[in-house]
>>> print(open('data.tsv').read())   # TSV, C-alpha atoms
chain	number	residue	atom	x	y	z
A	1	MET	CA	-41.15	-82.87	-30.28
A	2	ASP	CA	-40.95	-84.89	-33.51
A	3	ILE	CA	-41.63	-88.61	-33.80
A	4	PHE	CA	-37.93	-89.53	-33.73
A	5	SER	CA	-37.43	-87.63	-30.45
A	6	LYS	CA	-40.36	-89.51	-28.88
A	7	ILE	CA	-38.94	-92.82	-30.02
A	8	LYS	CA	-35.54	-91.88	-28.63
A	9	GLU	CA	-37.06	-90.90	-25.26
A	10	LYS	CA	-39.07	-94.10	-25.07
A	11	LEU	CA	-36.03	-96.25	-25.88
A	12	SER	CA	-33.82	-94.41	-23.40
A	13	ASN	CA	-36.39	-94.99	-20.65
A	14	GLU	CA	-37.58	-98.37	-21.78
A	15	PHE	CA	-36.72	-100.05	-18.53
A	16	ILE	CA	-36.24	-98.62	-15.05
A	17	ASP	CA	-32.96	-99.77	-13.49
A	18	ILE	CA	-33.06	-97.72	-10.24
A	19	VAL	CA	-36.20	-97.11	-8.18
A	20	GLU	CA	-35.71	-94.34	-5.62
A	21	TRP	CA	-37.21	-91.06	-4.42
A	22	LEU	CA	-35.52	-87.97	-3.05
A	23	ASP	CA	-37.89	-85.79	-1.01
A	24	TYR	CA	-37.23	-82.08	-1.38
A	25	THR	CA	-40.33	-81.01	0.55
A	26	ASP	CA	-41.30	-81.07	4.22
A	27	ASP	CA	-45.00	-81.85	3.82
A	28	THR	CA	-45.15	-84.87	1.46
A	29	ILE	CA	-46.36	-88.04	3.15
A	30	ALA	CA	-46.64	-90.38	0.15
A	31	HIS	CA	-45.25	-90.11	-3.39
A	32	ARG	CA	-45.92	-92.46	-6.32
A	33	PHE	CA	-42.81	-93.35	-8.31
A	34	GLU	CA	-43.34	-91.77	-11.72
A	35	ARG	CA	-42.82	-93.68	-15.01
A	36	TYR	CA	-43.31	-92.64	-18.60
A	37	GLN	CA	-44.77	-95.72	-20.31
A	38	ASN	CA	-41.93	-97.82	-18.97
A	39	GLU	CA	-41.53	-100.90	-16.86
A	40	ILE	CA	-39.31	-101.95	-13.98
A	41	LYS	CA	-36.47	-104.15	-15.12
A	42	ASN	CA	-35.94	-107.52	-13.54
A	43	GLY	CA	-33.02	-107.12	-11.14
A	44	ALA	CA	-33.50	-103.36	-10.88
A	45	LYS	CA	-32.11	-101.71	-7.75
A	46	LEU	CA	-34.55	-100.37	-5.14
A	47	ILE	CA	-33.16	-97.76	-2.76
A	48	VAL	CA	-35.21	-96.96	0.35
A	49	ARG	CA	-33.65	-94.26	2.50
A	50	GLU	CA	-33.98	-93.74	6.25
A	51	GLY	CA	-37.35	-92.22	7.09
A	52	GLN	CA	-38.97	-93.95	4.07
A	53	THR	CA	-40.95	-97.09	3.31
A	54	ALA	CA	-41.56	-98.40	-0.23
A	55	VAL	CA	-44.92	-100.03	-1.00
A	56	PHE	CA	-45.58	-102.06	-4.15
A	57	VAL	CA	-49.19	-102.14	-5.40
A	58	ASN	CA	-50.36	-104.36	-8.26
A	59	GLU	CA	-53.64	-103.38	-9.93
A	60	GLY	CA	-54.95	-101.84	-6.70
A	61	GLN	CA	-53.85	-104.78	-4.53
A	62	LEU	CA	-51.23	-104.33	-1.80
A	63	ALA	CA	-48.11	-106.37	-2.54
A	64	ASP	CA	-44.66	-106.04	-0.98
A	65	VAL	CA	-43.45	-103.47	1.57
A	66	PHE	CA	-39.76	-102.54	1.93
A	67	THR	CA	-38.12	-100.82	4.90
A	68	PRO	CA	-34.89	-98.73	4.59
A	69	GLY	CA	-32.15	-100.48	2.63
A	70	THR	CA	-31.00	-101.37	-0.91
A	71	TYR	CA	-32.62	-104.29	-2.74
A	72	ASP	CA	-32.27	-106.11	-6.10
A	73	LEU	CA	-35.83	-106.70	-7.30
A	74	THR	CA	-36.17	-110.41	-7.98
A	75	THR	CA	-38.67	-113.12	-7.12
A	76	GLN	CA	-36.75	-113.70	-3.90
A	77	ASN	CA	-37.56	-110.29	-2.43
A	78	LEU	CA	-40.90	-109.80	-4.21
A	79	PRO	CA	-42.69	-112.87	-2.83
A	80	ILE	CA	-46.20	-111.38	-2.66
A	81	LEU	CA	-45.97	-109.77	-6.10
A	82	SER	CA	-44.57	-113.02	-7.53
A	83	THR	CA	-47.58	-114.90	-6.13
A	84	ILE	CA	-50.05	-112.34	-7.45
A	85	LYS	CA	-48.54	-112.38	-10.96
A	86	GLY	CA	-48.07	-116.16	-11.00
A	87	TRP	CA	-44.30	-116.18	-11.37
A	88	LYS	CA	-43.88	-119.77	-10.30
A	89	TYR	CA	-40.46	-120.26	-11.83
A	90	GLY	CA	-39.05	-116.74	-11.66
A	91	PHE	CA	-39.17	-114.05	-14.29
A	92	ASN	CA	-36.70	-112.43	-16.62
A	93	SER	CA	-38.80	-109.82	-18.37
A	94	PRO	CA	-39.64	-106.36	-17.04
A	95	PHE	CA	-42.77	-106.02	-14.93
A	96	LYS	CA	-45.26	-103.29	-14.14
A	97	ALA	CA	-46.23	-102.32	-10.59
A	98	GLU	CA	-47.03	-99.07	-8.82
A	99	VAL	CA	-44.41	-98.08	-6.27
A	100	TYR	CA	-45.27	-95.62	-3.49
A	101	PHE	CA	-42.65	-94.09	-1.23
A	102	VAL	CA	-44.03	-93.19	2.22
A	103	ASN	CA	-42.38	-90.73	4.58
A	104	THR	CA	-42.15	-92.29	8.04
A	105	HIS	CA	-40.47	-89.39	9.83
A	106	LEU	CA	-42.30	-87.40	12.51
A	107	PHE	CA	-44.63	-84.64	11.31
A	108	THR	CA	-44.58	-82.04	14.08
A	109	ASP	CA	-46.37	-78.84	15.03
A	110	GLU	CA	-49.65	-79.76	13.37
A	111	LYS	CA	-52.44	-77.42	14.53
A	112	TRP	CA	-55.88	-78.39	15.82
A	113	GLY	CA	-58.76	-76.49	17.38
A	114	THR	CA	-62.49	-76.57	18.06
A	115	LYS	CA	-64.35	-74.78	15.26
A	116	ASN	CA	-67.44	-74.31	17.44
A	117	PRO	CA	-67.75	-73.87	21.21
A	118	ILE	CA	-68.19	-77.03	23.29
A	119	THR	CA	-71.20	-76.91	25.63
A	120	LEU	CA	-70.64	-78.43	29.08
A	121	SER	CA	-72.83	-78.72	32.15
A	122	ASP	CA	-71.33	-77.37	35.39
A	123	ASP	CA	-72.92	-77.95	38.80
A	124	ARG	CA	-72.51	-74.28	39.85
A	125	PHE	CA	-72.70	-72.28	36.63
A	126	GLY	CA	-75.09	-74.42	34.58
A	127	LEU	CA	-74.49	-74.75	30.84
A	128	VAL	CA	-71.18	-73.17	29.82
A	129	GLU	CA	-69.21	-72.95	26.57
A	130	ILE	CA	-65.48	-73.51	26.14
A	131	ARG	CA	-63.05	-73.55	23.22
A	132	ALA	CA	-59.69	-75.28	22.98
A	133	PHE	CA	-56.71	-75.42	20.63
A	134	GLY	CA	-53.24	-76.93	20.52
A	135	THR	CA	-50.77	-78.98	18.47
A	136	TYR	CA	-50.09	-82.63	17.72
A	137	ALA	CA	-47.43	-84.78	16.05
A	138	PHE	CA	-47.86	-87.98	14.05
A	139	LYS	CA	-46.02	-90.43	11.82
A	140	ILE	CA	-46.97	-93.29	9.53
A	141	ALA	CA	-46.84	-96.57	11.47
A	142	ASP	CA	-48.31	-98.93	8.84
A	143	ALA	CA	-47.39	-97.72	5.32
A	144	GLY	CA	-49.37	-100.43	3.52
A	145	LYS	CA	-52.61	-99.73	5.40
A	146	PHE	CA	-52.13	-95.99	4.93
A	147	ILE	CA	-51.68	-96.35	1.15
A	148	VAL	CA	-54.74	-98.59	0.77
A	149	ASP	CA	-57.10	-96.77	3.17
A	150	ILE	CA	-56.08	-93.12	2.73
A	151	VAL	CA	-53.84	-92.40	-0.26
A	152	GLY	CA	-55.51	-94.54	-2.91
A	153	THR	CA	-54.26	-93.46	-6.34
A	154	ASP	CA	-53.06	-90.00	-5.32
A	155	ASN	CA	-49.61	-89.53	-6.86
A	156	ASN	CA	-48.42	-86.96	-4.29
A	157	PHE	CA	-50.16	-87.02	-0.92
A	158	THR	CA	-49.33	-84.19	1.53
A	159	ASN	CA	-50.11	-83.68	5.21
A	160	PHE	CA	-52.48	-80.86	4.24
A	161	GLU	CA	-54.78	-83.45	2.66
A	162	ILE	CA	-54.97	-85.55	5.84
A	163	ASN	CA	-54.97	-82.69	8.36
A	164	GLU	CA	-58.64	-81.80	7.96
A	165	HIS	CA	-59.63	-85.40	8.61
A	166	LEU	CA	-57.35	-85.65	11.63
A	167	LYS	CA	-58.50	-82.30	13.08
A	168	SER	CA	-62.15	-83.37	12.81
A	169	LEU	CA	-61.31	-86.64	14.54
A	170	ILE	CA	-59.43	-84.79	17.31
A	171	ALA	CA	-62.24	-82.27	17.90
A	172	THR	CA	-64.81	-85.08	18.19
A	173	ARG	CA	-62.77	-87.17	20.61
A	174	PHE	CA	-61.75	-84.10	22.63
A	175	THR	CA	-65.42	-83.15	23.08
A	176	ASP	CA	-66.25	-86.67	24.27
A	177	THR	CA	-63.30	-86.73	26.68
A	178	VAL	CA	-63.96	-83.40	28.40
A	179	GLY	CA	-67.66	-84.22	28.60
A	180	GLU	CA	-66.94	-87.48	30.42
A	181	ALA	CA	-64.26	-85.90	32.66
A	182	ASN	CA	-66.99	-83.89	34.46
A	183	LEU	CA	-64.46	-81.53	36.05
A	184	PRO	CA	-65.35	-78.15	37.59
A	185	ILE	CA	-65.17	-75.66	34.75
A	186	GLU	CA	-62.16	-73.75	36.16
A	187	LEU	CA	-60.06	-76.94	36.35
A	188	TYR	CA	-59.97	-77.58	32.60
A	189	ALA	CA	-57.49	-74.76	32.06
A	190	ALA	CA	-55.49	-75.80	35.14
A	191	ASN	CA	-55.10	-79.47	34.14
A	192	THR	CA	-54.16	-79.28	30.45
A	193	THR	CA	-51.25	-81.75	30.87
A	194	GLU	CA	-53.39	-84.51	32.39
A	195	LEU	CA	-56.19	-83.80	29.93
A	196	SER	CA	-53.75	-83.93	26.98
A	197	GLU	CA	-52.45	-87.34	28.04
A	198	THR	CA	-55.98	-88.70	28.45
A	199	CYS	CA	-57.05	-87.42	25.03
A	200	GLN	CA	-53.97	-88.93	23.39
A	201	GLU	CA	-54.76	-92.37	24.83
A	202	VAL	CA	-58.36	-92.10	23.63
A	203	MET	CA	-57.36	-91.05	20.09
A	204	LYS	CA	-54.49	-93.50	19.48
A	205	PRO	CA	-56.69	-96.42	18.34
A	206	GLU	CA	-58.56	-94.15	15.89
A	207	PHE	CA	-55.29	-93.03	14.29
A	208	LEU	CA	-53.84	-96.54	14.15
A	209	SER	CA	-56.94	-97.81	12.32
A	210	VAL	CA	-55.67	-95.98	9.20
A	211	GLY	CA	-51.96	-96.69	9.77
A	212	ILE	CA	-51.09	-93.45	11.61
A	213	SER	CA	-49.43	-93.23	15.02
A	214	LEU	CA	-50.35	-90.23	17.21
A	215	GLU	CA	-47.00	-89.47	18.86
A	216	LYS	CA	-47.75	-86.22	20.71
A	217	PHE	CA	-50.89	-84.33	21.63
A	218	TYR	CA	-50.93	-80.98	23.42
A	219	ILE	CA	-53.74	-78.75	24.64
A	220	GLU	CA	-52.26	-75.26	24.68
A	221	ASN	CA	-55.29	-73.37	25.94
A	222	VAL	CA	-58.87	-73.86	27.12
A	223	SER	CA	-60.81	-70.59	26.89
A	224	MET	CA	-64.25	-69.48	27.98
A	225	PRO	CA	-66.35	-66.30	27.62
A	226	GLU	CA	-65.05	-63.28	29.52
A	227	ASP	CA	-68.24	-62.83	31.56
A	228	LEU	CA	-68.03	-66.45	32.76
A	229	LYS	CA	-64.35	-66.02	33.58
A	230	LYS	CA	-65.12	-62.95	35.73
A	231	GLU	CA	-67.93	-64.83	37.47
A	232	ILE	CA	-65.59	-67.72	38.28
A	233	PHE	CA	-62.96	-65.35	39.67
A	234	GLU	CA	-65.56	-63.60	41.81
A	235	TYR	CA	-66.91	-66.94	43.05
A	236	SER	CA	-63.44	-68.13	44.02
A	237	ARG	CA	-62.77	-64.91	45.95
A	238	ILE	CA	-66.05	-65.14	47.85
A	239	ASP	CA	-65.38	-68.79	48.60
A	240	LYS	CA	-62.00	-67.92	50.13
A	241	LEU	CA	-62.79	-64.60	51.86
A	242	ASP	CA	-64.76	-63.99	55.04
A	243	LEU	CA	-68.03	-62.32	53.98
A	244	ASP	CA	-67.85	-59.77	56.79
A	245	LYS	CA	-64.33	-58.79	55.77
A	246	LEU	CA	-65.38	-58.67	52.12
A	247	THR	CA	-68.25	-56.29	52.97
A	248	LYS	CA	-65.91	-53.99	54.89
A	249	PHE	CA	-63.41	-54.12	52.03
A	250	LYS	CA	-66.11	-53.19	49.49
A	251	THR	CA	-67.26	-50.32	51.74
A	252	ALA	CA	-63.72	-48.99	52.04
A	253	LYS	CA	-63.23	-49.16	48.25
A	254	ALA	CA	-66.51	-47.29	47.72
A	255	ILE	CA	-65.45	-44.56	50.14
A	256	GLU	CA	-62.10	-44.30	48.37
A	257	ALA	CA	-63.80	-43.99	44.98
A	258	ALA	CA	-66.19	-41.34	46.32
A	259	ALA	CA	-63.30	-39.38	47.82
A	260	ALA	CA	-61.55	-39.38	44.45
A	261	ASN	CA	-64.60	-37.66	42.91
A	262	GLU	CA	-65.46	-35.11	45.57
A	263	GLY	CA	-66.71	-32.50	43.11
A	264	GLY	CA	-69.31	-34.73	41.46
A	265	THR	CA	-72.89	-35.25	42.51
A	266	ALA	CA	-72.34	-38.99	42.70
A	267	GLY	CA	-69.35	-38.42	44.98
A	268	ALA	CA	-71.35	-36.12	47.20
A	269	GLY	CA	-74.22	-38.60	47.42
A	270	MET	CA	-71.86	-41.45	48.08
A	271	GLY	CA	-70.03	-39.44	50.71
A	272	MET	CA	-73.30	-38.52	52.40
A	273	GLY	CA	-74.52	-42.11	52.29
A	274	MET	CA	-71.25	-43.42	53.68
A	275	GLY	CA	-71.37	-40.70	56.31
A	276	PHE	CA	-74.73	-41.99	57.49
A	277	VAL	CA	-73.38	-45.54	57.54
A	278	LEU	CA	-70.31	-44.52	59.52
A	279	ALA	CA	-72.47	-42.47	61.86
A	280	GLN	CA	-74.65	-45.49	62.54
A	281	GLN	CA	-71.60	-47.65	63.10
A	282	MET	CA	-70.06	-45.07	65.44
A	283	GLY	CA	-73.36	-44.74	67.23
A	284	GLY	CA	-73.51	-48.48	67.70
A	285	MET	CA	-69.99	-48.45	69.08
A	286	MET	CA	-70.70	-45.55	71.41
A	287	SER	CA	-74.09	-46.74	72.68
A	288	PRO	CA	-72.72	-49.53	74.88
A	289	GLN	CA	-70.25	-47.08	76.41
A	290	MET	CA	-72.87	-44.44	76.96
A	291	GLY	CA	-75.27	-47.02	78.31
A	292	GLY	CA	-72.58	-48.19	80.62
A	293	GLN	CA	-71.94	-44.62	81.72
A	294	GLN	CA	-75.64	-44.05	82.37
A	295	GLN	CA	-75.85	-47.27	84.35
A	296	ALA	CA	-72.72	-46.33	86.22
A	297	LYS	CA	-74.21	-42.97	87.23
A	298	PRO	CA	-74.37	-43.07	91.04
A	299	GLN	CA	-77.81	-42.90	92.61
A	300	MET	CA	-78.63	-42.02	96.21
A	301	ASN	CA	-80.35	-44.65	98.30
A	302	GLN	CA	-82.97	-43.91	100.91
A	303	GLY	CA	-80.40	-43.49	103.63
A	304	GLY	CA	-78.52	-40.91	101.63
A	305	MET	CA	-75.57	-43.24	101.10
A	306	MET	CA	-73.96	-43.75	97.63
A	307	PRO	CA	-73.49	-47.45	96.68
A	308	PRO	CA	-70.16	-48.46	95.14
A	309	PRO	CA	-70.00	-48.80	91.30
A	310	MET	CA	-70.90	-52.15	89.71
A	311	PRO	CA	-67.85	-54.31	89.04
A	312	ALA	CA	-66.82	-54.47	85.37
A	313	ALA	CA	-67.14	-57.88	83.69
A	314	VAL	CA	-63.79	-59.64	83.34
A	315	GLN	CA	-62.80	-60.22	79.71
A	316	TYR	CA	-60.38	-62.99	78.70
A	317	PHE	CA	-58.25	-63.44	75.61
A	318	TYR	CA	-57.33	-67.01	74.65
A	319	ALA	CA	-55.03	-68.70	72.11
A	320	VAL	CA	-56.10	-71.32	69.55
A	321	LYS	CA	-53.41	-72.85	67.29
A	322	GLY	CA	-51.09	-69.94	67.98
A	323	ALA	CA	-53.69	-67.28	67.10
A	324	GLN	CA	-55.13	-64.81	69.57
A	325	GLN	CA	-58.91	-64.94	70.02
A	326	GLY	CA	-61.40	-62.97	72.14
A	327	PRO	CA	-62.08	-61.15	74.29
A	328	VAL	CA	-64.88	-63.21	75.89
A	329	GLY	CA	-66.54	-63.34	79.27
A	330	ILE	CA	-65.92	-66.12	81.76
A	331	ASP	CA	-69.19	-67.87	80.80
A	332	GLN	CA	-68.20	-67.88	77.10
A	333	LEU	CA	-64.74	-69.13	78.08
A	334	LYS	CA	-66.33	-71.95	80.04
A	335	ALA	CA	-68.47	-72.89	77.01
A	336	LEU	CA	-65.36	-72.97	74.81
A	337	PHE	CA	-63.74	-75.30	77.36
A	338	ALA	CA	-66.83	-77.52	77.42
A	339	ASN	CA	-66.92	-77.95	73.63
A	340	ARG	CA	-63.11	-78.58	73.64
A	341	THR	CA	-62.19	-75.53	71.60
A	342	ILE	CA	-59.70	-74.89	74.42
A	343	ASN	CA	-58.32	-77.16	77.12
A	344	LYS	CA	-56.54	-76.89	80.44
A	345	GLU	CA	-53.21	-76.16	78.72
A	346	SER	CA	-54.58	-73.37	76.51
A	347	LEU	CA	-53.01	-69.97	77.16
A	348	VAL	CA	-55.28	-67.20	78.49
A	349	TRP	CA	-54.75	-63.59	79.47
A	350	LYS	CA	-56.77	-60.81	81.06
A	351	GLN	CA	-56.00	-57.26	82.08
A	352	GLY	CA	-53.78	-57.25	85.13
A	353	MET	CA	-51.97	-60.51	84.36
A	354	ALA	CA	-48.22	-60.29	83.80
A	355	GLY	CA	-48.31	-62.61	80.78
A	356	TRP	CA	-50.08	-65.46	79.01
A	357	THR	CA	-50.79	-68.32	81.45
A	358	ALA	CA	-52.16	-71.85	81.08
A	359	LEU	CA	-55.84	-72.03	81.97
A	360	GLN	CA	-55.23	-74.64	84.67
A	361	GLU	CA	-52.96	-72.21	86.53
A	362	VAL	CA	-55.47	-69.35	86.73
A	363	GLU	CA	-57.16	-69.55	90.12
A	364	GLU	CA	-60.65	-68.39	89.08
A	365	LEU	CA	-60.66	-70.77	86.11
A	366	LYS	CA	-59.73	-73.95	87.98
A	367	SER	CA	-63.43	-74.61	88.49
A	368	PHE	CA	-63.55	-75.55	84.77
A	369	LEU	CA	-61.45	-78.61	85.55
A	370	GLY	CA	-63.94	-80.11	88.04
A	371	GLY	CA	-63.06	-82.03	91.18
A	372	ASN	CA	-63.12	-78.94	93.45
A	373	THR	CA	-64.60	-79.55	96.89
A	374	PRO	CA	-66.36	-76.53	98.44
A	375	PRO	CA	-65.43	-75.57	102.04
A	376	PRO	CA	-67.86	-76.55	104.85
A	377	LEU	CA	-70.73	-74.19	105.55
A	378	PRO	CA	-70.21	-71.86	108.53
A	379	VAL	CA	-71.86	-72.97	111.78
>>> encode(input="data.tsv", output="structure tokens")
Amino acid sequence: MDIFSKIKEKLSNEFIDIVEWLDYTDDTIAHRFERYQNEIKNGAKLIVREGQTAVFVNEGQLADVFTPGTYDLTTQNLPILSTIKGWKYGFNSPFKAEVYFVNTHLFTDEKWGTKNPITLSDDRFGLVEIRAFGTYAFKIADAGKFIVDIVGTDNNFTNFEINEHLKSLIATRFTDTVGEANLPIELYAANTTELSETCQEVMKPEFLSVGISLEKFYIENVSMPEDLKKEIFEYSRIDKLDLDKLTKFKTAKAIEAAAANEGGTAGAGMGMGMGFVLAQQMGGMMSPQMGGQQQAKPQMNQGGMMPPPMPAAVQYFYAVKGAQQGPVGIDQLKALFANRTINKESLVWKQGMAGWTALQEVEELKSFLGGNTPPPLPV
């Protein structure tokens, strides 16, 4: 470019008549209005579109801020800049000032996550480590503060430049929040909505201190090591299941696994071991019957007469909250009545009865109710 072309360019751009910025990107937060050795003309037109704010800065000092609209730049609508420059009686000549356009629309789907595991103390599992990640959305709430505190002299400031700072802030505050929540470790993943709302409230003041409004904050997942996850699942099962039932269930699964591998040595050993266990259980079940049979074996008395067999103990079934319980002997039934597990209206049944009957209507159980008067002794 020769000297005459430079002169022509300078003269053609001597004064700026229109100050505006069209954003063709989706990640620019702040853009400085570019000038080539030119000044803004007195009475120039300022166009601020929806989703924008225009900030005037004079020699590093914040001046006027304009919201969406069209303005003629005069001393009337540049009061702060007029005071700074000492325009007491107005001005007619061009003036120099840096103009920054700030995007005030919502920046969505910004990612965050914990770079390192967070160590928490759990009452049951001791020290545990978790990780978390999610998304957040923000927008510029105070354009002037944001330009002064964050942008500085950057001519094109993008959300990439602020994201690292915001993600570090989020990770720090998230760690503090979950540490103070002191929830059981398995509840962090189950209460992400409540935890997200709490974290957002904690972080809002930090964001606003630099002119940013935290609009949305989401925790998408809270993860933990696989071995800890398995331990938690096992703990929850044991906490819910009856231990005796769990033992029987484990035994049945072991027998099933051994049966599926009949040809192997392990299967044979398992089968033999389970055989011994089942034999012992069967023996335990049979021993009362055999003992009863041996006791029931008739014996001759001295007179050669055979006594009648011993009467079998009466066994009762009873109902508690609609569930069948028992069988129990009459003494156990009386103890249940005494500790109020059952009452006079509780349904009972024994072999020989036509159906379930209220306790107070069973003749041999009426003694539980008290108030019975024995008959007089025979004379």
>>> residues_around(input="data.tsv", residues="A:Val128", least_positions_apart="6", cutoff="10 Å", atoms="all atoms listed in the file", output="list of chain:residue names")
A:Pro117, A:Ile118, A:Thr119, A:Leu120, A:Ser121, A:Asp122, A:Ile185, A:Met224, A:Pro225, A:Leu228
>>> residues_around(input="data.tsv", residues="stretch 45-48 of chain A", least_positions_apart="6", cutoff="10 Å", atoms="all atoms listed in the file", output="ChimeraX atom specification")
/A:16-22,54,66-74,101-102
>>> axis_aligned_box(input="data.tsv", around="stretch 117-125 of chain A", padding_each_side="3 Å", output="JSON")
{"center_x": -70.3, "center_y": -75.5, "center_z": 30.5, "size_x": 11.2, "size_y": 12.4, "size_z": 24.6}
>>> atom_distance(input="data.tsv", atom1="atom CA of A:Ala97", atom2="atom CA of A:Gln52")
18.4 Å
>>> closest_residue(input="data.tsv", among="A:Asp154, A:Asp26, A:Glu206, A:Asp227", to="A:Leu169", atoms="only C-alpha atoms")
A:Glu206
>>> atom_distance(input="data.tsv", atom1="atom CA of A:Gly43", atom2="atom CA of A:Thr153")
25.7 Å
>>> atom_distance(input="data.tsv", atom1="atom CA of A:Phe217", atom2="atom CA of A:Ala137")
6.6 Å
>>> closest_residue(input="data.tsv", among="A:Thr104, A:Ile147, A:Ala259, A:Ile140", to="A:Leu62", atoms="only C-alpha atoms")
A:Ile147
>>> residues_around(input="data.tsv", residues="stretch 77-87 of chain A", least_positions_apart="3", cutoff="6 Å", atoms="all atoms listed in the file", output="PyMOL selection string")
chain A and resi 63-64+74+90
>>> write_last_selection(input="data.tsv", atoms="C-alpha atoms", output="PDB file, in the frame of the given file")
ATOM      1  CA  ALA A  63     -48.110-106.370  -2.540  1.00  0.00           C
ATOM      2  CA  ASP A  64     -44.660-106.040  -0.980  1.00  0.00           C
ATOM      3  CA  THR A  74     -36.170-110.410  -7.980  1.00  0.00           C
ATOM      4  CA  GLY A  90     -39.050-116.740 -11.660  1.00  0.00           C
TER       5      GLY A  90
END
>>> residues_near_point(input="data.tsv", point="(-60.6, -77.1, 30.2)", cutoff="6 Å", atoms="only C-alpha atoms", output="ChimeraX atom specification")
/A:188-189,222
